[in-house]
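To start, the structure under review is shown below, and the notes come after it.
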Amino acid sequence: MKSRIAASSAILCLLFASVAFAENKKRTPDAYAIVGGTVFLDNGTAQPGAKVVLASRNQPGKKLQEQTSSPRGEFAFRVPPGPAAYVISASFKGFEVASKEVEIEAQEQVHKTLLLVSSSK
């Protein structure tokens with residue numbers, strides 16, 4: 001009987017330890033979410049060299065990060081795990097600015113497609 005109680009106690013200790021470890025792992029300072037996507041032109045081709053800006057949705061005009069889309073039109077921003085709300089926008093000479101809202105709930109990856117439409121249309 002004592003050995004069963006000891007075994008049960010050991011199993012419970014391991015269970016609680018693994019839960020505590022998992023909770024600590026979630027709080028590590030290097031945890032992040034990713035807001036990424038691709039910039040396309042209205043003809044369907046990817047647009048390299050577009051200026052992509054990540055801004056806070058709650059503080060309009062506050063630019064948090066900026067980068068240029070890759071040769072395949074891709075971009076990615078590392079952000080703190082949510083909850084948080086952002087606006088991503090892409091611009092390129094001769095095209096209207098494309099924007100989308102993004103909500104991050106946790107440590108996750110969100111992908112958005114931004115479509116640049118010619119300003120001459």
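We name chains A, B, ... following the order of the structure tokens; residues begin at 1 in each chain, and ligands are numbered from 1 as shown.
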
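Near Gln109 (chain A), within a cut-off of 9 Å and counting only C-alpha atoms, sit the residues Ala33, Ile34, Val35, Gly36 and Ile104 of chain A, with same-chain residues fewer than 5 positions away left out.
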
With N, CA, C and O atoms retained, export the selected residues as a compact mmCIF listing (two decimals), in the first residue's frame.
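Saved result, selection_20.txt, follows:
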```
# COMPACT_ATOMS: atom_id res chain seq x y z
N ALA A 33 5.39 36.50 -31.60
CA ALA A 33 4.45 36.15 -32.66
C ALA A 33 5.01 36.72 -33.96
O ALA A 33 5.90 37.57 -33.93
N ILE A 34 4.50 36.25 -35.07
CA ILE A 34 4.96 36.74 -36.37
C ILE A 34 3.77 37.26 -37.17
O ILE A 34 2.77 36.57 -37.31
N VAL A 35 3.93 38.48 -37.66
CA VAL A 35 2.97 39.06 -38.61
C VAL A 35 3.71 39.09 -39.93
O VAL A 35 4.70 39.80 -40.09
N GLY A 36 3.26 38.29 -40.86
CA GLY A 36 3.94 38.20 -42.15
C GLY A 36 2.96 38.19 -43.29
O GLY A 36 1.75 38.19 -43.09
N ILE A 104 -3.39 39.78 -32.95
CA ILE A 104 -2.59 38.68 -32.41
C ILE A 104 -3.21 38.30 -31.07
O ILE A 104 -3.39 39.16 -30.20
```

> Skipping near chain neighbours, those fewer than 3 positions away, what residues fall within 12 Å of Arg78 (chain A) using only C-alpha atoms, listed as a PyMOL selection string?
Replying inline: chain A and resi 30-36+54+64-67+75+81-82+104+107-110

>> Measuring between only C-alpha atoms, which one of A:Thr68, A:Ser91, A:Thr113, A:Asn58 shows the shortest distance to Val39 (chain A)?
In response: A:Thr113

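With only C-alpha atoms as the atoms that count, the minimum distance from Ser69 (chain A) to the choices A:Thr38, A:Asn43, A:Ser118, A:Ser56 is reached by A:Thr38.
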
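Atom pair CA of Lys51 (chain A) / CA of Ala84 (chain A): separated by 22.3 Å.
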
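Residues in contact with Gly73 (chain A) at 8 Å, where only C-alpha atoms are counted and same-chain residues fewer than 3 positions away are skipped, are listed as Thr38, Val39, Phe40, Ala46, Gln47, Pro48, Gly49, Ala50, Ser69 and Ser70 of chain A.
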
> Can you list, as a list in words, every protein, DNA or RNA residue that comes within 10 Å of Ala98 (chain A) when you count only C-alpha atoms, leaving out same-chain residues fewer than 3 positions away?
Replying inline: Val39, Phe40, Val52, Ile88, Ser89, Ala90, Ser91, Phe92, Phe95, Thr113, Leu114, Leu115, Leu116 and Val117 of chain A

What would the file look like if the residues just selected were written as a PDB file, in the first residue's frame with C-alpha atoms?
```pdb
ATOM      1  CA  VAL A  39       2.724  42.004 -51.373  1.00  0.00           C
ATOM      2  CA  PHE A  40       1.138  41.501 -54.798  1.00  0.00           C
ATOM      3  CA  VAL A  52       5.921  47.564 -45.628  1.00  0.00           C
ATOM      4  CA  ILE A  88       0.212  46.610 -41.823  1.00  0.00           C
ATOM      5  CA  SER A  89       0.510  48.699 -44.947  1.00  0.00           C
ATOM      6  CA  ALA A  90       2.455  48.412 -48.178  1.00  0.00           C
ATOM      7  CA  SER A  91       3.355  51.138 -50.625  1.00  0.00           C
ATOM      8  CA  PHE A  92       5.186  51.341 -53.935  1.00  0.00           C
ATOM      9  CA  PHE A  95       0.348  52.347 -56.601  1.00  0.00           C
ATOM     10  CA  THR A 113      -1.828  39.375 -48.446  1.00  0.00           C
ATOM     11  CA  LEU A 114      -1.576  43.028 -49.471  1.00  0.00           C
ATOM     12  CA  LEU A 115      -2.729  43.957 -52.980  1.00  0.00           C
ATOM     13  CA  LEU A 116      -1.291  47.107 -54.555  1.00  0.00           C
ATOM     14  CA  VAL A 117      -3.611  48.682 -57.120  1.00  0.00           C
TER      15      VAL A 117
END
```
